[in-house]
Each structure stands twice: as structure tokens, then as C-alpha cells.
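*Asks:* Please read through the structure below; I'll follow up with questions.
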Amino acid sequence: MAEEIGLARPVGRLLVVDHVHADGPLPEGVMFLFDGGRIDAASVPGLALAPDEILSAALFTLDEARDRVKPLLAGRLTAALAVAAGGGVALCEHGVRVA
């Protein structure tokens, strides 16, 4: 997180493992999503965004986020929030939870 948004925090527990299919020039891969803790609205303006990677930052509900991200990422976020609240690790196949 320090490299991307300027926050130095310990990495929390693993929430999601997602097998992602090859897509054009992007190869097949495995994505891991870890719990990075919470952030509040007062902290957003102080984030140090990586200028070549992140244009802006804001806080959204899950429904609002789904309208702003690709379906692959929306599925991963949905799975992450479910296991963050209930425990375990979500296994996904290209953004769709399978276990």
C-alpha cells in the first residue's frame, strides 16, 4: 500500500484468490487480495497516489463501486467483502466466486 497510496500498514489476512484468464496481451495469472484495513473520508485527501497508476481516490459503497470498475474486479470486491465479514478465503475464477 505504501507504494500505491502512501500508507504504510501491515498486510492483513488473505481474502481472495482469483484465477484470471489470459486477456489479449495480458497473460493468465493468479490475483491475491489481502485485507488492508479501513480508511475514512478524512484520510482520502492525504493519500499519496502513484501518479502513473492512480488518477484519483474516493470512497464508495459496493453498489457504487460496481458501476465504476470492470466486472472482474467487481466480483473480486464482492467476494472480499463477504469473507472479510464472515471469515475464510474466497476462491474465484475470473472474478466469479466458486468457493
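Ligands are numbered from 1 in the order shown, chains are lettered A, B, ... in the order of the C-alpha cells, and residues start at 1 in each chain.
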Skipping near chain neighbours, those fewer than 4 positions away, what residues fall within 10 Å of Asp18 in chain A using only C-alpha atoms, listed as number ranges by chain?
*Replies:* A: 29-33, 72-73, 75-76, 79, 90-98
*Asks:* What does the file look like for those residues with C-alpha atoms, as a PDB file, in the first residue's frame?
*Replies:*
```pdb
ATOM      1  CA  GLY A  29      -2.479 -15.218 -13.703  1.00  0.00           C
ATOM      2  CA  VAL A  30      -3.484 -15.507 -10.084  1.00  0.00           C
ATOM      3  CA  MET A  31      -4.555 -12.434  -8.129  1.00  0.00           C
ATOM      4  CA  PHE A  32      -4.420 -12.260  -4.350  1.00  0.00           C
ATOM      5  CA  LEU A  33      -6.430  -9.755  -2.353  1.00  0.00           C
ATOM      6  CA  LEU A  72     -13.869  -8.906 -12.988  1.00  0.00           C
ATOM      7  CA  LEU A  73     -12.875  -6.505 -10.214  1.00  0.00           C
ATOM      8  CA  GLY A  75     -16.774  -9.767  -8.449  1.00  0.00           C
ATOM      9  CA  ARG A  76     -13.480  -9.850  -6.579  1.00  0.00           C
ATOM     10  CA  ALA A  79     -16.145 -11.835  -2.606  1.00  0.00           C
ATOM     11  CA  ALA A  90     -12.894 -16.757  -1.307  1.00  0.00           C
ATOM     12  CA  LEU A  91     -11.752 -18.657  -4.383  1.00  0.00           C
ATOM     13  CA  CYS A  92     -12.684 -17.014  -7.662  1.00  0.00           C
ATOM     14  CA  GLU A  93     -12.447 -17.936 -11.328  1.00  0.00           C
ATOM     15  CA  HIS A  94     -12.015 -14.774 -13.403  1.00  0.00           C
ATOM     16  CA  GLY A  95     -13.863 -12.660 -10.849  1.00  0.00           C
ATOM     17  CA  VAL A  96     -16.667 -15.155 -10.167  1.00  0.00           C
ATOM     18  CA  ARG A  97     -16.686 -16.755  -6.745  1.00  0.00           C
ATOM     19  CA  VAL A  98     -16.560 -20.552  -6.971  1.00  0.00           C
TER      20      VAL A  98
END
```
*Asks:* Pull the strand (DSSP E) assignments for range 3-88 of chain A out of DSSP run on the backbone, and list those residues as a ChimeraX atom specification.
*Replies:* /A:14-20,29-34
*Asks:* Looking only at the backbone, which of the residues in chain A does DSSP tag as helix (DSSP H, G or I), as a CSV table (one decimal) with C-alpha atoms, in the first residue's frame?
*Replies:*
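Result written to result_37.csv:
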```csv
chain,number,residue,atom,x,y,z
A,2,ALA,CA,2.9,2.4,0.7
A,3,GLU,CA,3.9,2.3,-3.0
A,4,GLU,CA,0.4,2.8,-4.4
A,5,ILE,CA,-1.3,5.2,-2.0
A,41,ALA,CA,-13.2,10.0,4.3
A,42,ALA,CA,-10.9,12.4,6.3
A,43,SER,CA,-7.9,10.3,5.2
A,44,VAL,CA,-8.6,10.3,1.4
A,45,PRO,CA,-7.2,13.8,0.7
A,46,GLY,CA,-3.9,12.9,2.4
A,62,LEU,CA,-20.1,-1.7,-3.1
A,63,ASP,CA,-23.0,-0.9,-5.4
A,64,GLU,CA,-21.4,2.4,-6.4
A,65,ALA,CA,-18.1,0.7,-7.0
A,66,ARG,CA,-19.7,-1.9,-9.2
A,71,PRO,CA,-17.0,-6.8,-13.8
A,72,LEU,CA,-13.9,-8.9,-13.0
A,73,LEU,CA,-12.9,-6.5,-10.2
A,74,ALA,CA,-16.5,-6.0,-9.0
A,75,GLY,CA,-16.8,-9.8,-8.4
A,76,ARG,CA,-13.5,-9.9,-6.6
A,77,LEU,CA,-14.6,-6.9,-4.4
A,78,THR,CA,-17.9,-8.6,-3.6
A,79,ALA,CA,-16.1,-11.8,-2.6
A,80,ALA,CA,-13.6,-9.9,-0.5
A,81,LEU,CA,-16.3,-8.1,1.5
A,82,ALA,CA,-18.2,-11.3,2.1
A,83,VAL,CA,-15.3,-13.1,3.6
A,84,ALA,CA,-14.0,-10.1,5.5
A,85,ALA,CA,-17.3,-10.1,7.4
A,86,GLY,CA,-17.7,-13.8,7.7
```
*Asks:* Which residue gives the smallest distance to Gly37 in chain A among A:Leu59, A:Ala50, A:Asp23, A:Gly12, with only C-alpha atoms counted?
*Replies:*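 Nearest to Gly37 in chain A: A:Gly12.
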